[in-house]
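A.B. asks: Encoded as structure tokens, here's the structure I'll be asking about.
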Amino acid sequence: MNIIERLEKIDRRIIFILILLAVIIPLLLPIGFKIKVSEPVRIFYETIEELQPGSIVLISSEYDPSTMPEVYPMNQALARHCFAKNLKIIGMGLWPQGIPLNQASMEQAAEEYGKEYGVDYVNLGYKAGGIVVISAVSENIPTTFPQDYAGRSVEEFEVMEGVKNFDNIDLIVSLSAGDPGVRQWIMIAQGRYGKKVSGGVTAVSAPAFYPYLHAGQLRGLIGGMKGAAEYETLIKKSGTASRGMDAQSIAHGLIVLFIVLANVFFIIGKRKKA
Amino acid sequence: MIETIGIWIAALLTLCILSFLYKENPFYKFAEHLFVGVSAAYWAVYYYYNILRPNLIQPLFIEGQILFVIPLVLGIMMVMRLFPKVGWVSRWPLAFIVGTYAGYNLITYLQSNAVDQVRATLISFIHLESWGDFIGNPGVITFLNAIAVPVVVVGVITGIIYFFFSREHKGVFGGFAKTGVWFLMIAFGASFGYTVMARISLLIGRMYFLLHNWLRVI
Amino acid sequence: MKKQIPLIITFIAGMAMIIQYFIPHRPFSDIQQLFNTWFLIITVFAMILGLGNLLKLHTRRLQRRPSGWWYSIVLLIGFAIMFIAGMVWGIERGTPFDYLFWNVHLPMSSMMFALLAFFVASASYRAFRARTPEATLLLVSAILVMIGRVPLGNYIWDKLPLLGDWIMSYPNMAGQRAIMIGIALGVISTSLRIILGIERTYLVGK
């Protein structure tokens, strides 16, 4: 086998090691690439900025630990942004694993901004049923969620006073890693009730939401860890997403190099055979 | 102390899963089975606290709302599927779930994914302002912005034409379908690019945990 | 009877959801709320069914002892510990259940999916070939988006991020919209077939 054939058939564990190094080295030795903000993230940021103090934001967490590196930084940044603007947060989720992650984000931000559970934010917990839960919440939140995530009656909480349904919610933000998620919130909350819906999604699903963004059905979109890093840049609070951007850049560069090299070898191989 | 033990448990389990890259081994299989068991219990506990207790046990057994007997009975009928002789009774609650979802999906997909999307595509083909920008400041980006609207309209129409399989893709129709394929390939390429981004992000998250929380080298 | 009643239930449930969309007043709104609540509860029992199947399968493995049966013990012990922790001490922050979530469930779940990064890199090198013009277009689009969407792209060419954004916002969006409309038409026709009882595959069995 000549060198090109050997390189084409290289043991995949060597590729694995190269990817591992491409991620670890920039984390150990940061480069400091500047982050440019894209239009969808800017729209998301401005949608929150437009809200008046005391407005209620419903943050629905539809993600799990497997997508945490992408969506959790969005959750943290969003909670910080809301509390910085003295907005109230009602948390809930259509995926059960999203509940403790949303709770942790809100608690951390609450500590930084001196906010109190029950007064400035609450976590209503999880319900199974996806689009049916959204429909139920649109009509009556306390009936759908009579207790918070830890089993306490929602009537006890000051933040829930006067909150009955979507009429009392100023903005809905869905942080989602799949279905049910942003799509279902757009279908019911925006499609039927005309509520403002913004979304934070994993990079895998981000391309599919551009039609909603273009049609005005979605007010801003944060896509993946890069989107989270852009949002952190806008709120001027660096987090885990920003720190990962150097590693993301190098890893992407390496994969592009793999693709280019593999195709160069392919073309050379084809010409030799011809 | 308890937090440190927790971090070590998390790190060791992470390394057990990572060991799969070399080859499948007992450490990986141990972690895989533990993960399935712990996940199943997580879901079961959450269902109890977040749904069964507030939405069934509380209203039926504590508040005495008799109407909640109906979903309880339907739910028990669903579980009967585990027993082959009486499994057929699970069709009733299944029919209810399927019917409800079908009803919701019919309306919401029609509204949000069909009508609203078509409406958003019915935009003026020539965007004079963008062409004015291009003429005033010729460049790659101003040109792309000028042709953006025709690209969208042509892309959506030809993409939909491609999916029409009731007619052979020949002649002019075939030409439109082929153009649709190009747009779909660009969409798939963009999706692939974002998929790579997503997977690398997950790896960065895990490596950050190992280096920052466990080894404390960053 | 075994099939007729489920078909009638499907029809009533489906039509109730459709009618309340157009007539959101009583009694249709009340019916919708009632059905929504029932749906939430019944869905939980569907999940219990899945859970029951899982436990049944692994308990059988303990009895039959095929190769690797001891891993089923790991699964059942893991389930028992997490379940008892949650049911006895609750699920709030700081409980044993919460501790197990952050230190056992979360790291394994994250790492399982993080493994995909390695496989996607390997697949990019070993399988991703520009064999046809369409495949070349896919590759070029992927490369432009991959480099354009990270900070590195700005340092290679300052217009690259804008190019990446343009690809996402226009040609990608057009392709995604075409797929979305196609899927929507499929969902609408399938939903209608299910409600009208033409599609009955969900009622398989005796």
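Letters A, B, ... go to the chains of the structure tokens in the order shown; residues in each chain start at 1; ligands are counted from 1 in the same order.
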Taking only C-alpha atoms into account, which residues of chain A are within 7 Å of chain B, as an NGL selection string?

C.D. replies: :A and (23-24 or 28 or 67 or 69-70 or 96 or 125-127 or 146-147 or 149 or 151 or 187-188 or 191 or 202-204 or 207 or 215 or 224-225 or 244 or 248)

A.B. asks: Convert the current residue selection to file output with C-alpha atoms, as a CSV table (one decimal), in the first residue's frame.

C.D. replies:
chain,number,residue,atom,x,y,z
A,23,VAL,CA,-10.7,19.9,22.1
A,24,ILE,CA,-8.4,19.6,25.1
A,28,LEU,CA,-5.8,24.2,28.5
A,67,THR,CA,-27.5,18.3,25.4
A,69,PRO,CA,-23.3,21.8,27.1
A,70,GLU,CA,-25.3,23.5,24.4
A,96,PRO,CA,-38.5,15.7,33.0
A,125,GLY,CA,-42.2,21.3,37.1
A,126,TYR,CA,-42.9,18.7,34.4
A,127,LYS,CA,-46.0,17.4,32.7
A,146,PRO,CA,-51.5,22.8,40.9
A,147,GLN,CA,-48.1,22.2,42.6
A,149,TYR,CA,-41.8,20.9,41.0
A,151,GLY,CA,-44.9,19.5,45.6
A,187,MET,CA,-47.9,25.9,16.9
A,188,ILE,CA,-50.1,26.6,20.0
A,191,GLY,CA,-50.1,30.1,16.0
A,202,THR,CA,-29.3,22.6,19.9
A,203,ALA,CA,-27.2,23.1,16.8
A,204,VAL,CA,-28.6,19.9,15.3
A,207,PRO,CA,-31.4,24.9,10.7
A,215,ALA,CA,-41.9,34.0,8.8
A,224,GLY,CA,-26.1,25.6,19.9
A,225,MET,CA,-23.1,26.4,21.9
A,244,GLY,CA,-15.6,26.5,24.7
A,248,GLN,CA,-15.0,24.5,18.9

A.B. asks: Using only C-alpha atoms, determine which residues lie at most 12 Å from Ile14 in chain A, disregarding the query and same-chain residues fewer than 3 positions distant; provide the list as a compact mmCIF listing (two decimals) with N, CA and C atoms, in the first residue's frame.

C.D. replies:
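Generated file (selection39.txt):
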# COMPACT_ATOMS: atom_id res chain seq x y z
N LEU A 7 -3.02 6.32 4.36
CA LEU A 7 -3.72 7.42 5.03
C LEU A 7 -5.24 7.29 4.90
N LYS A 9 -6.90 4.55 4.81
CA LYS A 9 -7.40 3.46 5.65
C LYS A 9 -6.89 3.57 7.09
N ILE A 10 -6.55 4.75 7.53
CA ILE A 10 -5.97 4.96 8.86
C ILE A 10 -6.90 4.45 9.95
N ASP A 11 -6.33 3.90 11.02
CA ASP A 11 -7.11 3.40 12.15
C ASP A 11 -7.93 4.56 12.72
N ILE A 17 -8.10 10.29 18.69
CA ILE A 17 -7.08 10.97 19.51
C ILE A 17 -6.89 12.41 19.03
N LEU A 18 -6.85 12.60 17.71
CA LEU A 18 -6.68 13.95 17.17
C LEU A 18 -7.83 14.87 17.58
N ILE A 19 -9.06 14.34 17.52
CA ILE A 19 -10.22 15.15 17.93
C ILE A 19 -10.14 15.48 19.41
N LEU A 20 -9.75 14.50 20.21
CA LEU A 20 -9.62 14.72 21.66
C LEU A 20 -8.60 15.83 21.94
N LEU A 21 -7.46 15.78 21.24
CA LEU A 21 -6.43 16.80 21.43
C LEU A 21 -6.92 18.17 20.93
N LEU B 21 -14.42 3.94 23.17
CA LEU B 21 -13.72 4.35 21.95
C LEU B 21 -12.59 3.38 21.60
N TYR B 22 -12.01 2.78 22.65
CA TYR B 22 -10.94 1.81 22.38
C TYR B 22 -11.58 0.52 21.86
N PHE C 118 -16.73 11.88 18.18
CA PHE C 118 -15.65 11.08 17.60
C PHE C 118 -16.12 10.37 16.34
N PHE C 119 -17.32 9.83 16.41
CA PHE C 119 -17.82 9.07 15.26
C PHE C 119 -18.14 9.98 14.07
N ALA C 121 -16.49 12.71 13.39
CA ALA C 121 -15.19 13.07 12.82
C ALA C 121 -14.66 11.91 11.97
N SER C 122 -14.80 10.70 12.49
CA SER C 122 -14.33 9.51 11.76
C SER C 122 -15.11 9.35 10.46
N TYR C 125 -14.05 11.76 7.72
CA TYR C 125 -12.80 11.41 7.04
C TYR C 125 -12.98 10.19 6.15

A.B. asks: Give me the residues near Ile9 in chain B as an MDAnalysis selection string, where near means some atom within 12 Å (using only C-alpha atoms) and where sequence neighbours in that chain fewer than 2 positions away do not count.

C.D. replies: (chainID B and resid 2:7 11:16 31 210 213:214) or (chainID C and resid 99:108)

A.B. asks: With only C-alpha atoms as the counted atoms, please give the residues lying no more than 10 Å from range 32-46 of chain A, apart from itself and same-chain residues fewer than 2 positions off, as number ranges by chain.

C.D. replies: A: 26, 29-30, 48-51, 78, 81, 173, 197-200, 210, 213-214, 218-223, 226-235, 242-243, 245-247, 249; C: 149-155, 161-162, 165, 169

A.B. asks: Counting only C-alpha atoms, which residues from chain C have an atom at most 8 Å from any atom of chain A, and could you show them as an MDAnalysis selection string?

C.D. replies: chainID C and resid 33 36:37 39:40 43:44 90:93 98 106:107 109:114 118:119 121:122 124:126 128:130 143 146:147 149:152 165 168:169 172:174 176:177

A.B. asks: Mind dumping the selected residues with N, CA and C atoms as a short mmCIF file (atom, residue, chain, number, x, y, z; two decimals), in the first residue's frame?

C.D. replies:
data_model
loop_
_atom_site.label_atom_id
_atom_site.label_comp_id
_atom_site.auth_asym_id
_atom_site.auth_seq_id
_atom_site.Cartn_x
_atom_site.Cartn_y
_atom_site.Cartn_z
N GLN C 33 -60.47 21.02 27.96
CA GLN C 33 -59.71 21.02 29.22
C GLN C 33 -59.78 19.66 29.89
N ASN C 36 -57.67 17.25 27.97
CA ASN C 36 -56.26 17.57 28.21
C ASN C 36 -55.79 16.93 29.52
N THR C 37 -56.58 17.11 30.57
CA THR C 37 -56.21 16.57 31.89
C THR C 37 -56.16 15.05 31.84
N PHE C 39 -55.60 13.22 29.29
CA PHE C 39 -54.47 12.86 28.44
C PHE C 39 -53.18 12.83 29.26
N LEU C 40 -52.97 13.87 30.10
CA LEU C 40 -51.75 13.93 30.91
C LEU C 40 -51.62 12.70 31.79
N THR C 43 -51.09 9.34 29.71
CA THR C 43 -49.73 9.26 29.15
C THR C 43 -48.75 8.71 30.19
N VAL C 44 -48.98 9.06 31.46
CA VAL C 44 -48.09 8.54 32.51
C VAL C 44 -48.18 7.03 32.58
N GLY C 90 -37.69 12.68 48.53
CA GLY C 90 -38.15 13.76 47.65
C GLY C 90 -37.15 14.10 46.57
N ILE C 91 -37.48 15.13 45.75
CA ILE C 91 -36.67 15.43 44.58
C ILE C 91 -36.13 16.86 44.56
N GLU C 92 -36.27 17.55 45.66
CA GLU C 92 -35.77 18.94 45.70
C GLU C 92 -34.27 19.00 45.60
N ARG C 93 -33.75 20.23 45.39
CA ARG C 93 -32.30 20.42 45.34
C ARG C 93 -31.72 20.03 46.71
N ASP C 98 -31.43 14.20 43.98
CA ASP C 98 -30.80 15.28 43.22
C ASP C 98 -29.29 15.02 43.08
N LEU C 106 -26.41 12.40 35.07
CA LEU C 106 -25.97 13.47 34.17
C LEU C 106 -24.66 13.17 33.47
N PRO C 107 -23.59 12.78 34.19
CA PRO C 107 -22.32 12.53 33.48
C PRO C 107 -22.41 11.41 32.45
N SER C 109 -25.15 10.32 30.84
CA SER C 109 -25.99 10.76 29.73
C SER C 109 -25.22 11.68 28.81
N SER C 110 -24.49 12.63 29.39
CA SER C 110 -23.71 13.57 28.58
C SER C 110 -22.63 12.86 27.79
N MET C 111 -21.91 11.96 28.44
CA MET C 111 -20.78 11.31 27.77
C MET C 111 -21.24 10.36 26.67
N MET C 112 -22.40 9.70 26.87
CA MET C 112 -22.94 8.81 25.83
C MET C 112 -23.08 9.58 24.52
N PHE C 113 -23.63 10.78 24.61
CA PHE C 113 -23.86 11.56 23.40
C PHE C 113 -22.60 12.27 22.93
N ALA C 114 -21.69 12.57 23.87
CA ALA C 114 -20.43 13.21 23.47
C ALA C 114 -19.58 12.26 22.62
N PHE C 118 -16.73 11.88 18.18
CA PHE C 118 -15.65 11.08 17.60
C PHE C 118 -16.12 10.37 16.34
N PHE C 119 -17.32 9.83 16.41
CA PHE C 119 -17.82 9.07 15.26
C PHE C 119 -18.14 9.98 14.07
N ALA C 121 -16.49 12.71 13.39
CA ALA C 121 -15.19 13.07 12.82
C ALA C 121 -14.66 11.91 11.97
N SER C 122 -14.80 10.70 12.49
CA SER C 122 -14.33 9.51 11.76
C SER C 122 -15.11 9.35 10.46
N SER C 124 -16.59 11.71 8.78
CA SER C 124 -16.23 12.80 7.87
C SER C 124 -14.99 12.44 7.07
N TYR C 125 -14.05 11.76 7.72
CA TYR C 125 -12.80 11.41 7.04
C TYR C 125 -12.98 10.19 6.15
N ARG C 126 -13.69 9.18 6.66
CA ARG C 126 -13.71 7.89 5.96
C ARG C 126 -14.83 7.75 4.94
N PHE C 128 -17.17 10.65 3.78
CA PHE C 128 -17.73 11.83 3.15
C PHE C 128 -16.97 12.16 1.85
N ARG C 129 -17.50 11.70 0.70
CA ARG C 129 -16.81 11.86 -0.57
C ARG C 129 -17.69 12.63 -1.55
N ALA C 130 -17.04 13.50 -2.33
CA ALA C 130 -17.76 14.27 -3.34
C ALA C 130 -17.85 13.45 -4.63
N ILE C 143 -19.03 22.74 4.71
CA ILE C 143 -17.74 23.36 5.07
C ILE C 143 -17.92 24.85 5.34
N MET C 146 -19.72 25.20 8.65
CA MET C 146 -18.87 24.78 9.79
C MET C 146 -17.83 25.83 10.12
N ILE C 147 -17.19 26.39 9.11
CA ILE C 147 -16.14 27.38 9.36
C ILE C 147 -16.75 28.76 9.60
N ARG C 149 -19.51 29.55 11.02
CA ARG C 149 -20.25 29.70 12.28
C ARG C 149 -19.37 29.65 13.51
N VAL C 150 -18.07 29.51 13.37
CA VAL C 150 -17.16 29.57 14.53
C VAL C 150 -16.27 30.81 14.41
N PRO C 151 -15.73 31.31 15.53
CA PRO C 151 -14.91 32.52 15.48
C PRO C 151 -13.72 32.41 14.52
N LEU C 152 -13.20 31.19 14.31
CA LEU C 152 -12.06 30.99 13.41
C LEU C 152 -12.36 31.52 12.00
N ASP C 165 -23.99 32.85 7.46
CA ASP C 165 -25.32 33.32 7.87
C ASP C 165 -26.27 33.39 6.68
N MET C 168 -27.46 29.96 5.77
CA MET C 168 -28.47 29.49 6.73
C MET C 168 -29.82 30.18 6.52
N SER C 169 -29.77 31.50 6.29
CA SER C 169 -31.01 32.30 6.26
C SER C 169 -31.77 32.20 4.95
N ASN C 172 -30.68 27.48 2.74
CA ASN C 172 -31.01 26.44 3.73
C ASN C 172 -32.46 26.59 4.17
N MET C 173 -32.85 27.83 4.45
CA MET C 173 -34.21 28.10 4.92
C MET C 173 -35.23 27.66 3.87
N ALA C 174 -34.92 27.91 2.59
CA ALA C 174 -35.83 27.52 1.51
C ALA C 174 -35.98 26.00 1.46
N GLN C 176 -35.37 23.85 3.90
CA GLN C 176 -36.05 23.39 5.13
C GLN C 176 -37.55 23.67 5.05
N ARG C 177 -37.89 24.80 4.46
CA ARG C 177 -39.32 25.15 4.34
C ARG C 177 -40.03 24.17 3.42
#

A.B. asks: Hey, can you check how far CA of Phe183 in chain B sits from CA of Gly186 in chain C?

C.D. replies: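 Computed distance, CA of Phe183 in chain B to CA of Gly186 in chain C, equals 20.6 Å.
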
A.B. asks: Tell me, in Å to one decimal, how far CA of Gln76 in chain A is from CA of Asn168 in chain A.

C.D. replies: 23.7 Å
